[in-house]
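Engineer: Let me give you the structure first, and then I'll get to my questions.
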Amino acid sequence: MISKAGQYLLVIFALLLLNFILPRMMPGDPTDFLTGTAVDAPIDLDAESRSRLLEYHGLDKPLTEQFLGYLGKLARFDLGFAIYYRREVSDLLLERLPWTLLLAGTSFLLAAIAGVLLGALAAYRQGSRLDKTLVSSLMGVRAMPAYLVGMLAILLFSIKLKLFPTGGACSPFASHASVLDAGLDILWHLALPALVLTAEQIAGTFLIMRSSMVATLGETYMLMAEAKGLSWGRRVFRYGVRNAILPLYTQLGVHLGFLVTVTIFTESVFNYPGMGRLAYEAAMVHDYPVLQGVFLITSLSIVGLNILVDCTYRLVDPRTGHADE
Amino acid sequence: MTWSRRLASIAILAVLLAGIPFAVVVWREYRAGADLSPGGRVLRFAGEDWGAPSPFRFYPRGPGYIHMSLVFDTLTWKDARGVVGLLAQSWHRSADEKQYTFTLRPGIRWHDGSRLTARDVAFSIDYLKKHHFTWTDLSPIRSARALDDLQVVVDLHTAHAPFLTDIAGSFPVLPAHIWEKVDDPRQFMGQDSLTGSGPFRLESYSSTHGTYSYAANPHYFLGRPRIDRIQYIAAGDSLLALRKGEIDAIPLWSRTLDAVAEFRSDPRYRIVEGPGDWVLRLVFNHRHPALARREIRSAFAHVLDLDDIAERLRHGFVEPGSPAFLPPASTWRHPHLQAYTHDVARARELVEASGVGDLHLVLLTTPDYVREAEVIAEQAREIGIEISVHSVPASTRDAMLRDGRFDLAIDGHGGIGGDPDVLRRQFCPSPDSEAAHSVLNPASAYGYTNADLCRLGDAQLHEVDAQRRREIVLEMQAILARDLPTIALWYPRVFFVYNPDVLDGWFYAPGGIAGGIPLAENKLVYIRGGPLK
Amino acid sequence: MSRSGLIISAAFCALALLAPWLAPYHPKADTDVPLAAPSARHLLGTDDVGRDILSQVISGSRISILVGLIAGLAAAALGLLVGLLAGYLGGAVDRILMRTVDVFLAMPRLPLLILLAAYLGAGIWVVVICFVLVSWAMPARVVRAQVRVEKQRPYVTSARLSGARSIYVLRKHIVPALSPLALAIVIMEISHAIMIEAGMSFLGLGDPTATSWGTILHHAFSYPALFLSDAWIWWALPPGVCLSLLLLGLALLAMEVERKVDPRIEGGRLGG
């Protein structure tokens, strides 16, 4: 167990190092984006101001020193000061994080519930027309890229049918009569991007659920349950889902990685103010501290989730004494 | 059933996963909305995050500066005809052209009610210089001092022709009583950092949503603004938002230009066209043995069909490039320069006469201008020059340009419609840097130097007589047209589409706002703008 | 359904091979006025610079499939090798390799690709290299698990105990047992590579000089007035539909192969 913890620490250290090195590998430095060099702004920065700026943000020091400084700040939960965005990185991230969590969390929940239900249903009716239709249509949805689905959804539901807004996360400057109104407004903006993101994820949970359910249905205790005359619902949910949910649970870390990718596309298509769009924009203006912050949060949550799953999957597993590794 | 309990707790955790963020954002948005007092005449734009409108916090782009200019004022400004006084009522230039004395308008007050005096102006210059304010180059200023409450004297190192537009019309005047206590302006936030003298006060800003709400300053020294509130709202697609009436005006430029036709035919909108203070250029690496030769560069000028590029790729929403370099709308542009005609045979002769063998070049571009790059490659092939197109993100291209890691590149930039000093800044190496290749904008002409051009460049900078200066500038353009350090491909046209029922009287200031921002969102429109319904 | 994956994939391969003969025009040739509606001359109309869209879509299959094949095969090969080594050798090698896998799996994939593309510039080879870098880890983990299962089988254990050399055991017992899984992995990686190439091109980070489906989508969606008219029907939809169909075909094919490996893992392990 201790060696395992050590290994995870190593993984986290490697991630920190990569987070630090990768943005700095890009050609150019952030001052390009503060001056007229990279943009059409009428700014010319003389050499002195430029070096002063680099010095101000600590970018003139040798890389190792910068890295140690970065680690030291991290230990104090200080993510640094954004160069282009000109504010504390932690403030910037904290403002955006709830939106991403809302979008990704809602869609994940919807996808998990729908995937489990549909997967159980398809497995129970394995080989039927319903099963085949479900498998091929859900796989078809996953084969469509998120940005394409998103664009088509905007076109159909926002532009043609005018049911939903074309983008954004809430109505700007609306004075809501009550908290309820504010909530409804946010849900109304959330609906389309969350549905697109759900559609992208649903096939994943569905297929895992279906295959482990197919396997479970063949087990003898299921046949016993049927022989005992338990109803369909009881059989499927009390025994089937319960046993089939484990593979779903152990796949969470992988799933999160996939979710990050799709979220970036969805956020950029719907102009949704989350971390994904921030990552893309920060890369475009070389804002190292912001990039590091975004990378850190995403990779730590993936590692964290993996650790959590590693430590808790036995709780989800109805059978006891499941072998380690 | 312990297992069901476990499952139930996992389910609850999962619901919290979406539920907590939901509660957070709902509460935040509810509170944000509660702070706003609704009503009044509102002007709405499509919002995007350009940073807080404070001198050290706006993102260093034209729109960021425009936001800051609503809250902070400068000594001079531009209206539809040119430079006018803003905080300054009048000014006087000394005979040696190295000293300006500004007289402020009387009775100007900061948003917090205290008086704005000449001391604030002198303080701002010192403070911005000391803290390396990046937007305005204040290095030509030697010192500034207040004579009394209303008069401030600014001493320059040498005569500086673009002083009134690019410096006095660009740096924000800060309230000394607030900023003198601030040691690190980059970390200075909060309400005090947003106390200016401008026609509007920031009432709400969200960097996350890219929304801003400004309320009119009823005591503004030029009179109460004609609109009570300016709002920048998050709109998914600004064209659709304008169509739906969610916003009242949009600038159209670059790829959105094709939409002009959509709005031209609609009587609900009016369109003003502005000067295309921007250029897309083919950049040569003058360190490349073949490209260092003028014949080869002229061969490029002859073989490229700029009219075809403008018409086919940009549907006529751009003006074809000219060897004069300055854009068509610039009053400083050379009126009679001989254009390089599209003449493939002549181009081929030039290449053959140069004795340069087979040429294989890499053309660096950003994804936005791949089509231009492809057409250039296609046309250059006609004279036996093979070009492969390499597309990189803008940031990467700029770094490669600075380091000289390219043969040919496509680069676009603004700032060319204002003061003609841009010719010196673009094409003459900066004296304060040691490396031979470093021009201030290295993208301009890597490795190009022409002593005559730079001599003229220094001369025009210190020449305050407009007529003599103009002659020098024309001569510089003649040199550029002959030397061809770069080829201007096109100048975009810019348009501003607006709903005249909300606010009319929009204009583009000649040479752009604050040293060359080619936008129509000029604060004078909000104060004096045309009839409102 | 069982054959549809194979049929779809084969059809697109045929399209890619025959593209120069099937496409009515060169994909880069400016053949007509910009933004022409579909007509007999241009079945899918023309784009904003007057290029024939049908020809672009047909030629686009070549880039998408080529990039998919190269990048997918390379990533799968690397993943298989690492998984095989880690699973078979075990011990310290296994731990080091698997922690490396953990690092790569924890790196957010698309942001990483965006960074790499920004660093290396856009080009087909850049897409391939980036893809391999971010995509070898998942198959490595899957293969390792399977190798460990195979290693425990009685006939493998007895072969090892009776002194057979590692190479022999690997070649004789483990690799054959793995091959259906490996095939499924290769197909899934190819399909991921195609998806990533399209996604990066859509964001403007792919090779914009190569006409791929992603590039067509990029140009279509960055055209401002796309949704103000019906142009999206013949401009954005065809490359999008082709891309989705091909990805669906590959997914079905992979599922079919995987089902042969073990009905219990179908679609699951490589999903996502």
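Chain lettering (A, B, ...) mirrors the order of the structure tokens, residue numbering begins at 1 for each chain separately, and ligand numbering begins at 1 in order of display.
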Give me, as number ranges by chain, the contact residues of chain C against chain B at a cut-off of 10 Å, counting only C-alpha atoms.

Structural biologist: C: 28, 30, 33-34, 48-50, 114, 117-123, 201, 203-209, 218-219, 222-228

Engineer: With only C-alpha atoms considered, list every residue of chain B at most 6 Å from chain A, as a ChimeraX atom specification.

Structural biologist: /B:17-18,21-22,26,30,33-34,57,60-62,132,135,208-209,233-234,236,396,398-399,413-415,441

Engineer: Given only C-alpha atoms as the basis, pick out the residue of A:Ser268, A:Thr64, A:Thr312, A:Ser211 nearest to chain C.

Structural biologist: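 Nearest candidate to chain C out of A:Ser268, A:Thr64, A:Thr312, A:Ser211: A:Ser211.
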
Engineer: Using only C-alpha atoms, find the one residue out of A:Lys228, A:Lys73, A:Lys160, A:Arg234 that sits nearest to chain C.

Structural biologist: A:Lys160

Engineer: From the list A:Ile12, A:Ala153, A:Leu190, A:Val260, which residue is nearest Val25 (chain B) when using only C-alpha atoms?

Structural biologist: A:Leu190

Engineer: Using only C-alpha atoms, which residues of chain A come within 6 Å of chain C, and what is the closest atom pair for each, with the distance in Å to one decimal? Give it as a tab-separated table, sorted by chain and residue number.

Structural biologist:
```
residue	atom	partner	partner_atom	distance
A:Val11	CA	C:Val103	CA	5.6
A:Met26	CA	C:Tyr119	CA	4.5
A:Gly140	CA	C:Leu248	CA	5.6
A:Ala143	CA	C:Ser244	CA	4.9
A:Met144	CA	C:Ser244	CA	4.6
A:Gly204	CA	C:Gly271	CA	5.7
A:Leu207	CA	C:Gly267	CA	5.7
A:Ile208	CA	C:Gly268	CA	4.4
A:Ser211	CA	C:Arg264	CA	5.7
A:Ala215	CA	C:Arg264	CA	5.8
A:Phe258	CA	C:Gly272	CA	6.0
A:Thr261	CA	C:Leu110	CA	5.3
A:Ser299	CA	C:Ala106	CA	4.9
A:Ile302	CA	C:Ala106	CA	5.4
A:Val303	CA	C:Ala106	CA	5.8
```

Engineer: Could you please take those selected residues and save N, CA, C and O atoms as a PDB file, in the first residue's frame?

Structural biologist:
```pdb
ATOM      1  N   VAL A  11       3.683   9.639 -10.065  1.00  0.00           N
ATOM      2  CA  VAL A  11       2.834  10.000 -11.202  1.00  0.00           C
ATOM      3  C   VAL A  11       2.477  11.481 -11.118  1.00  0.00           C
ATOM      4  O   VAL A  11       2.570  12.229 -12.091  1.00  0.00           O
ATOM      5  N   MET A  26       6.568  25.692 -26.132  1.00  0.00           N
ATOM      6  CA  MET A  26       6.009  26.375 -27.286  1.00  0.00           C
ATOM      7  C   MET A  26       6.904  27.555 -27.637  1.00  0.00           C
ATOM      8  O   MET A  26       7.429  28.211 -26.756  1.00  0.00           O
ATOM      9  N   GLY A 140     -23.989   4.971 -33.551  1.00  0.00           N
ATOM     10  CA  GLY A 140     -24.038   5.985 -34.608  1.00  0.00           C
ATOM     11  C   GLY A 140     -23.894   7.381 -34.023  1.00  0.00           C
ATOM     12  O   GLY A 140     -23.170   8.218 -34.557  1.00  0.00           O
ATOM     13  N   ALA A 143     -20.408   8.068 -33.085  1.00  0.00           N
ATOM     14  CA  ALA A 143     -19.522   8.253 -34.220  1.00  0.00           C
ATOM     15  C   ALA A 143     -19.589   9.680 -34.761  1.00  0.00           C
ATOM     16  O   ALA A 143     -18.714  10.114 -35.482  1.00  0.00           O
ATOM     17  N   MET A 144     -20.658  10.407 -34.407  1.00  0.00           N
ATOM     18  CA  MET A 144     -20.742  11.793 -34.879  1.00  0.00           C
ATOM     19  C   MET A 144     -19.935  12.680 -33.938  1.00  0.00           C
ATOM     20  O   MET A 144     -20.143  12.658 -32.739  1.00  0.00           O
ATOM     21  N   GLY A 204     -20.914   4.891 -24.542  1.00  0.00           N
ATOM     22  CA  GLY A 204     -19.896   4.279 -23.698  1.00  0.00           C
ATOM     23  C   GLY A 204     -20.515   3.498 -22.550  1.00  0.00           C
ATOM     24  O   GLY A 204     -20.283   2.298 -22.399  1.00  0.00           O
ATOM     25  N   LEU A 207     -22.750   0.467 -23.720  1.00  0.00           N
ATOM     26  CA  LEU A 207     -22.101  -0.762 -24.178  1.00  0.00           C
ATOM     27  C   LEU A 207     -21.484  -1.544 -23.027  1.00  0.00           C
ATOM     28  O   LEU A 207     -21.580  -2.773 -22.983  1.00  0.00           O
ATOM     29  N   ILE A 208     -20.864  -0.829 -22.084  1.00  0.00           N
ATOM     30  CA  ILE A 208     -20.288  -1.527 -20.930  1.00  0.00           C
ATOM     31  C   ILE A 208     -21.397  -2.237 -20.162  1.00  0.00           C
ATOM     32  O   ILE A 208     -21.299  -3.418 -19.809  1.00  0.00           O
ATOM     33  N   SER A 211     -22.826  -5.285 -22.059  1.00  0.00           N
ATOM     34  CA  SER A 211     -22.017  -6.505 -22.130  1.00  0.00           C
ATOM     35  C   SER A 211     -21.873  -7.162 -20.760  1.00  0.00           C
ATOM     36  O   SER A 211     -21.956  -8.388 -20.650  1.00  0.00           O
ATOM     37  N   ALA A 215     -23.345 -10.940 -19.628  1.00  0.00           N
ATOM     38  CA  ALA A 215     -22.585 -11.952 -18.906  1.00  0.00           C
ATOM     39  C   ALA A 215     -23.301 -12.345 -17.619  1.00  0.00           C
ATOM     40  O   ALA A 215     -23.421 -13.531 -17.292  1.00  0.00           O
ATOM     41  N   PHE A 258     -11.983  11.023 -21.546  1.00  0.00           N
ATOM     42  CA  PHE A 258     -12.786  11.204 -22.761  1.00  0.00           C
ATOM     43  C   PHE A 258     -13.692  12.420 -22.617  1.00  0.00           C
ATOM     44  O   PHE A 258     -13.834  13.244 -23.528  1.00  0.00           O
ATOM     45  N   THR A 261     -12.131  15.831 -23.374  1.00  0.00           N
ATOM     46  CA  THR A 261     -12.023  16.112 -24.799  1.00  0.00           C
ATOM     47  C   THR A 261     -13.336  16.605 -25.383  1.00  0.00           C
ATOM     48  O   THR A 261     -13.391  17.642 -26.035  1.00  0.00           O
ATOM     49  N   SER A 299      -5.670  16.963 -14.816  1.00  0.00           N
ATOM     50  CA  SER A 299      -4.939  15.705 -14.626  1.00  0.00           C
ATOM     51  C   SER A 299      -5.038  15.220 -13.192  1.00  0.00           C
ATOM     52  O   SER A 299      -5.139  14.020 -12.967  1.00  0.00           O
ATOM     53  N   ILE A 302      -8.241  13.409 -12.830  1.00  0.00           N
ATOM     54  CA  ILE A 302      -8.238  12.066 -13.427  1.00  0.00           C
ATOM     55  C   ILE A 302      -7.470  11.099 -12.523  1.00  0.00           C
ATOM     56  O   ILE A 302      -7.956  10.005 -12.195  1.00  0.00           O
ATOM     57  N   VAL A 303      -6.278  11.522 -12.078  1.00  0.00           N
ATOM     58  CA  VAL A 303      -5.499  10.659 -11.170  1.00  0.00           C
ATOM     59  C   VAL A 303      -6.291  10.398  -9.891  1.00  0.00           C
ATOM     60  O   VAL A 303      -6.393   9.262  -9.414  1.00  0.00           O
TER      61      VAL A 303
END
```

Engineer: Name the closest residue to Ser212 (chain A) among the candidates A:Thr133, A:Ser90, A:Gly257, A:Tyr124; distances are taken between atoms, counting only C-alpha atoms.

Structural biologist: A:Tyr124

Engineer: Could you state the separation of CA of Val464 (chain B) and CA of His92 (chain B) in Å, given to one decimal place?

Structural biologist: 13.4 Å

Engineer: Enumerate the residues of region 189-345 of chain B with a DSSP assignment of alpha helix (DSSP H), computed from the backbone, and present them as a list of chain:residue names.

Structural biologist: B:Ser238, B:Leu239, B:Leu240, B:Ala241, B:Leu242, B:Arg243, B:Lys244, B:Val260, B:Ala261, B:Glu262, B:Phe263, B:Arg264, B:Arg294, B:Glu295, B:Ile296, B:Arg297, B:Ser298, B:Ala299, B:Phe300, B:Ala301, B:His302, B:Val303, B:Leu306, B:Asp307, B:Asp308, B:Val344, B:Ala345

Engineer: Filtering to N, CA and C atoms, could you give me those residues as an mmCIF file, in the first residue's frame?

Structural biologist:
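selection.cif was written with the following content:
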```
data_model
loop_
_atom_site.group_PDB
_atom_site.id
_atom_site.type_symbol
_atom_site.label_atom_id
_atom_site.label_comp_id
_atom_site.auth_asym_id
_atom_site.auth_seq_id
_atom_site.Cartn_x
_atom_site.Cartn_y
_atom_site.Cartn_z
ATOM 1 N N SER B 238 -22.841 36.576 -33.180
ATOM 2 C CA SER B 238 -23.223 37.987 -33.141
ATOM 3 C C SER B 238 -24.097 38.386 -34.323
ATOM 4 N N LEU B 239 -23.901 37.741 -35.481
ATOM 5 C CA LEU B 239 -24.738 38.079 -36.634
ATOM 6 C C LEU B 239 -26.193 37.735 -36.346
ATOM 7 N N LEU B 240 -26.398 36.532 -35.799
ATOM 8 C CA LEU B 240 -27.765 36.117 -35.475
ATOM 9 C C LEU B 240 -28.341 36.994 -34.382
ATOM 10 N N ALA B 241 -27.489 37.370 -33.418
ATOM 11 C CA ALA B 241 -27.961 38.190 -32.313
ATOM 12 C C ALA B 241 -28.437 39.556 -32.819
ATOM 13 N N LEU B 242 -27.706 40.115 -33.781
ATOM 14 C CA LEU B 242 -28.135 41.400 -34.346
ATOM 15 C C LEU B 242 -29.458 41.237 -35.083
ATOM 16 N N ARG B 243 -29.558 40.169 -35.844
ATOM 17 C CA ARG B 243 -30.793 39.874 -36.558
ATOM 18 C C ARG B 243 -31.987 39.768 -35.600
ATOM 19 N N LYS B 244 -31.739 39.095 -34.453
ATOM 20 C CA LYS B 244 -32.817 38.881 -33.500
ATOM 21 C C LYS B 244 -33.064 40.111 -32.635
ATOM 22 N N VAL B 260 -21.971 41.440 -44.817
ATOM 23 C CA VAL B 260 -22.385 42.807 -45.138
ATOM 24 C C VAL B 260 -23.573 42.786 -46.089
ATOM 25 N N ALA B 261 -23.481 41.925 -47.108
ATOM 26 C CA ALA B 261 -24.548 41.856 -48.104
ATOM 27 C C ALA B 261 -25.897 41.560 -47.443
ATOM 28 N N GLU B 262 -25.866 40.726 -46.405
ATOM 29 C CA GLU B 262 -27.106 40.343 -45.732
ATOM 30 C C GLU B 262 -27.791 41.549 -45.091
ATOM 31 N N PHE B 263 -26.963 42.482 -44.595
ATOM 32 C CA PHE B 263 -27.544 43.602 -43.856
ATOM 33 C C PHE B 263 -27.784 44.816 -44.745
ATOM 34 N N ARG B 264 -27.113 44.864 -45.901
ATOM 35 C CA ARG B 264 -27.280 45.991 -46.802
ATOM 36 C C ARG B 264 -28.720 46.104 -47.273
ATOM 37 N N ARG B 294 16.755 41.683 -55.053
ATOM 38 C CA ARG B 294 15.572 42.466 -55.405
ATOM 39 C C ARG B 294 14.849 41.880 -56.620
ATOM 40 N N GLU B 295 15.615 41.307 -57.569
ATOM 41 C CA GLU B 295 14.968 40.772 -58.775
ATOM 42 C C GLU B 295 13.961 39.695 -58.413
ATOM 43 N N ILE B 296 14.349 38.844 -57.465
ATOM 44 C CA ILE B 296 13.453 37.749 -57.093
ATOM 45 C C ILE B 296 12.191 38.311 -56.441
ATOM 46 N N ARG B 297 12.394 39.303 -55.583
ATOM 47 C CA ARG B 297 11.221 39.872 -54.924
ATOM 48 C C ARG B 297 10.319 40.562 -55.934
ATOM 49 N N SER B 298 10.940 41.251 -56.933
ATOM 50 C CA SER B 298 10.086 41.872 -57.948
ATOM 51 C C SER B 298 9.402 40.822 -58.793
ATOM 52 N N ALA B 299 10.085 39.695 -59.000
ATOM 53 C CA ALA B 299 9.425 38.621 -59.750
ATOM 54 C C ALA B 299 8.156 38.203 -59.025
ATOM 55 N N PHE B 300 8.239 38.117 -57.704
ATOM 56 C CA PHE B 300 7.038 37.803 -56.921
ATOM 57 C C PHE B 300 5.969 38.874 -57.146
ATOM 58 N N ALA B 301 6.401 40.130 -57.115
ATOM 59 C CA ALA B 301 5.434 41.215 -57.266
ATOM 60 C C ALA B 301 4.746 41.147 -58.626
ATOM 61 N N HIS B 302 5.493 40.713 -59.634
ATOM 62 C CA HIS B 302 4.885 40.649 -60.968
ATOM 63 C C HIS B 302 3.998 39.419 -61.137
ATOM 64 N N VAL B 303 4.342 38.346 -60.480
ATOM 65 C CA VAL B 303 3.601 37.109 -60.746
ATOM 66 C C VAL B 303 2.336 37.010 -59.889
ATOM 67 N N LEU B 306 -2.818 40.202 -57.478
ATOM 68 C CA LEU B 306 -3.461 40.670 -56.253
ATOM 69 C C LEU B 306 -4.952 40.922 -56.446
ATOM 70 N N ASP B 307 -5.324 41.352 -57.658
ATOM 71 C CA ASP B 307 -6.755 41.578 -57.912
ATOM 72 C C ASP B 307 -7.527 40.266 -57.816
ATOM 73 N N ASP B 308 -6.912 39.213 -58.348
ATOM 74 C CA ASP B 308 -7.551 37.903 -58.328
ATOM 75 C C ASP B 308 -7.719 37.428 -56.884
ATOM 76 N N VAL B 344 3.389 37.630 -65.985
ATOM 77 C CA VAL B 344 4.118 36.388 -65.717
ATOM 78 C C VAL B 344 5.412 36.325 -66.522
ATOM 79 N N ALA B 345 5.339 36.768 -67.771
ATOM 80 C CA ALA B 345 6.520 36.676 -68.630
ATOM 81 C C ALA B 345 7.658 37.505 -68.051
#
```

Engineer: Please report the interatomic distance between CA of Val57 (chain C) and CA of Leu73 (chain C) in Å with one decimal.

Structural biologist: 23.9 Å

Engineer: What is the CA of Ser179 (chain C) to CA of Lys151 (chain C) distance in Å?

Structural biologist: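 Between CA of Ser179 (chain C) and CA of Lys151 (chain C) the gap works out to 14.8 Å.
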
Engineer: What's around Val257 (chain C) at 8 Å? Count only C-alpha atoms, leave out sequence neighbours fewer than 5 positions away in its own chain, and write the answer as a list in words.

Structural biologist: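 Residues near the query, excluding close chain neighbours: Pro180, Leu181, Leu183 and Ala184 of chain C.
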
Engineer: Kindly save the residues from that selection, with all heavy atoms included, as a tab-separated table (two decimals), in the first residue's frame.

Structural biologist:
```tsv
chain	number	residue	atom	x	y	z
C	180	PRO	N	-6.71	-11.57	-31.70
C	180	PRO	CA	-8.03	-10.94	-31.95
C	180	PRO	C	-8.17	-9.61	-31.21
C	180	PRO	O	-8.65	-8.62	-31.76
C	180	PRO	CB	-9.03	-11.96	-31.41
C	180	PRO	CG	-8.28	-13.22	-31.24
C	180	PRO	CD	-6.87	-12.86	-31.02
C	181	LEU	N	-7.68	-9.59	-29.95
C	181	LEU	CA	-7.74	-8.36	-29.19
C	181	LEU	C	-6.90	-7.28	-29.87
C	181	LEU	O	-7.32	-6.14	-30.01
C	181	LEU	CB	-7.21	-8.59	-27.77
C	181	LEU	CG	-7.15	-7.35	-26.89
C	181	LEU	CD1	-8.54	-6.84	-26.60
C	181	LEU	CD2	-6.41	-7.64	-25.60
C	183	LEU	N	-6.21	-6.99	-32.97
C	183	LEU	CA	-6.92	-6.52	-34.17
C	183	LEU	C	-7.97	-5.49	-33.77
C	183	LEU	O	-8.09	-4.42	-34.39
C	183	LEU	CB	-7.56	-7.70	-34.88
C	183	LEU	CG	-8.21	-7.38	-36.22
C	183	LEU	CD1	-7.18	-6.76	-37.16
C	183	LEU	CD2	-8.83	-8.62	-36.83
C	184	ALA	N	-8.71	-5.80	-32.72
C	184	ALA	CA	-9.73	-4.87	-32.27
C	184	ALA	C	-9.10	-3.54	-31.86
C	184	ALA	O	-9.61	-2.46	-32.17
C	184	ALA	CB	-10.50	-5.46	-31.09
```

Engineer: Counting only C-alpha atoms, what is within 6 Å of region 159-173 of chain B, bar same-chain residues fewer than 5 positions away, as an mmCIF file with N, CA and C atoms, in the first residue's frame?

Structural biologist:
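Result file is part.cif:
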```cif
data_model
loop_
_atom_site.group_PDB
_atom_site.id
_atom_site.type_symbol
_atom_site.label_atom_id
_atom_site.label_comp_id
_atom_site.auth_asym_id
_atom_site.auth_seq_id
_atom_site.Cartn_x
_atom_site.Cartn_y
_atom_site.Cartn_z
ATOM 1 N N PHE B 72 -11.727 55.801 -18.406
ATOM 2 C CA PHE B 72 -10.608 56.734 -18.249
ATOM 3 C C PHE B 72 -10.495 57.645 -19.463
ATOM 4 N N ASP B 73 -10.035 58.866 -19.246
ATOM 5 C CA ASP B 73 -9.885 59.829 -20.331
ATOM 6 C C ASP B 73 -8.422 60.096 -20.623
ATOM 7 N N THR B 74 -8.191 60.659 -21.791
ATOM 8 C CA THR B 74 -6.851 61.040 -22.221
ATOM 9 C C THR B 74 -6.844 62.555 -22.437
ATOM 10 N N LEU B 75 -5.667 63.112 -22.690
ATOM 11 C CA LEU B 75 -5.595 64.554 -22.918
ATOM 12 C C LEU B 75 -6.295 64.929 -24.215
ATOM 13 N N THR B 76 -5.992 64.183 -25.286
ATOM 14 C CA THR B 76 -6.651 64.459 -26.564
ATOM 15 C C THR B 76 -7.430 63.231 -26.987
ATOM 16 N N TRP B 77 -8.251 63.389 -28.012
ATOM 17 C CA TRP B 77 -9.039 62.275 -28.544
ATOM 18 C C TRP B 77 -9.252 62.563 -30.016
ATOM 19 N N GLU B 97 9.722 72.765 -30.579
ATOM 20 C CA GLU B 97 8.874 71.582 -30.765
ATOM 21 C C GLU B 97 9.162 70.495 -29.749
ATOM 22 N N LYS B 98 9.823 70.832 -28.664
ATOM 23 C CA LYS B 98 10.144 69.829 -27.657
ATOM 24 C C LYS B 98 9.343 70.014 -26.383
ATOM 25 N N VAL B 121 -2.296 64.699 -14.136
ATOM 26 C CA VAL B 121 -1.723 64.396 -15.452
ATOM 27 C C VAL B 121 -0.227 64.128 -15.317
ATOM 28 N N SER B 124 0.369 60.857 -13.668
ATOM 29 C CA SER B 124 0.090 59.707 -14.532
ATOM 30 C C SER B 124 1.268 59.406 -15.441
ATOM 31 N N THR B 136 1.066 52.369 -24.293
ATOM 32 C CA THR B 136 1.574 53.598 -24.895
ATOM 33 C C THR B 136 3.079 53.676 -24.671
ATOM 34 N N LEU B 461 10.292 61.738 -38.143
ATOM 35 C CA LEU B 461 9.820 61.647 -36.764
ATOM 36 C C LEU B 461 9.985 62.979 -36.047
ATOM 37 N N HIS B 462 11.058 63.682 -36.397
ATOM 38 C CA HIS B 462 11.332 64.927 -35.685
ATOM 39 C C HIS B 462 10.868 66.142 -36.466
ATOM 40 N N VAL B 464 8.130 68.527 -37.559
ATOM 41 C CA VAL B 464 6.784 68.841 -37.118
ATOM 42 C C VAL B 464 6.002 69.610 -38.181
ATOM 43 N N ALA B 514 -6.763 56.369 -30.513
ATOM 44 C CA ALA B 514 -5.588 56.141 -29.665
ATOM 45 C C ALA B 514 -4.431 55.497 -30.421
ATOM 46 N N GLY B 515 -3.942 56.164 -31.432
ATOM 47 C CA GLY B 515 -2.783 55.659 -32.140
ATOM 48 C C GLY B 515 -3.114 54.568 -33.134
#
```

Engineer: Of the candidates A:Pro193, A:Gly276, A:Gly127, A:Gly233, which one gets nearest to Phe157 (chain A) if we count only C-alpha atoms?

Structural biologist: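 The shortest atom-to-atom distance to Phe157 (chain A) comes from A:Pro193.
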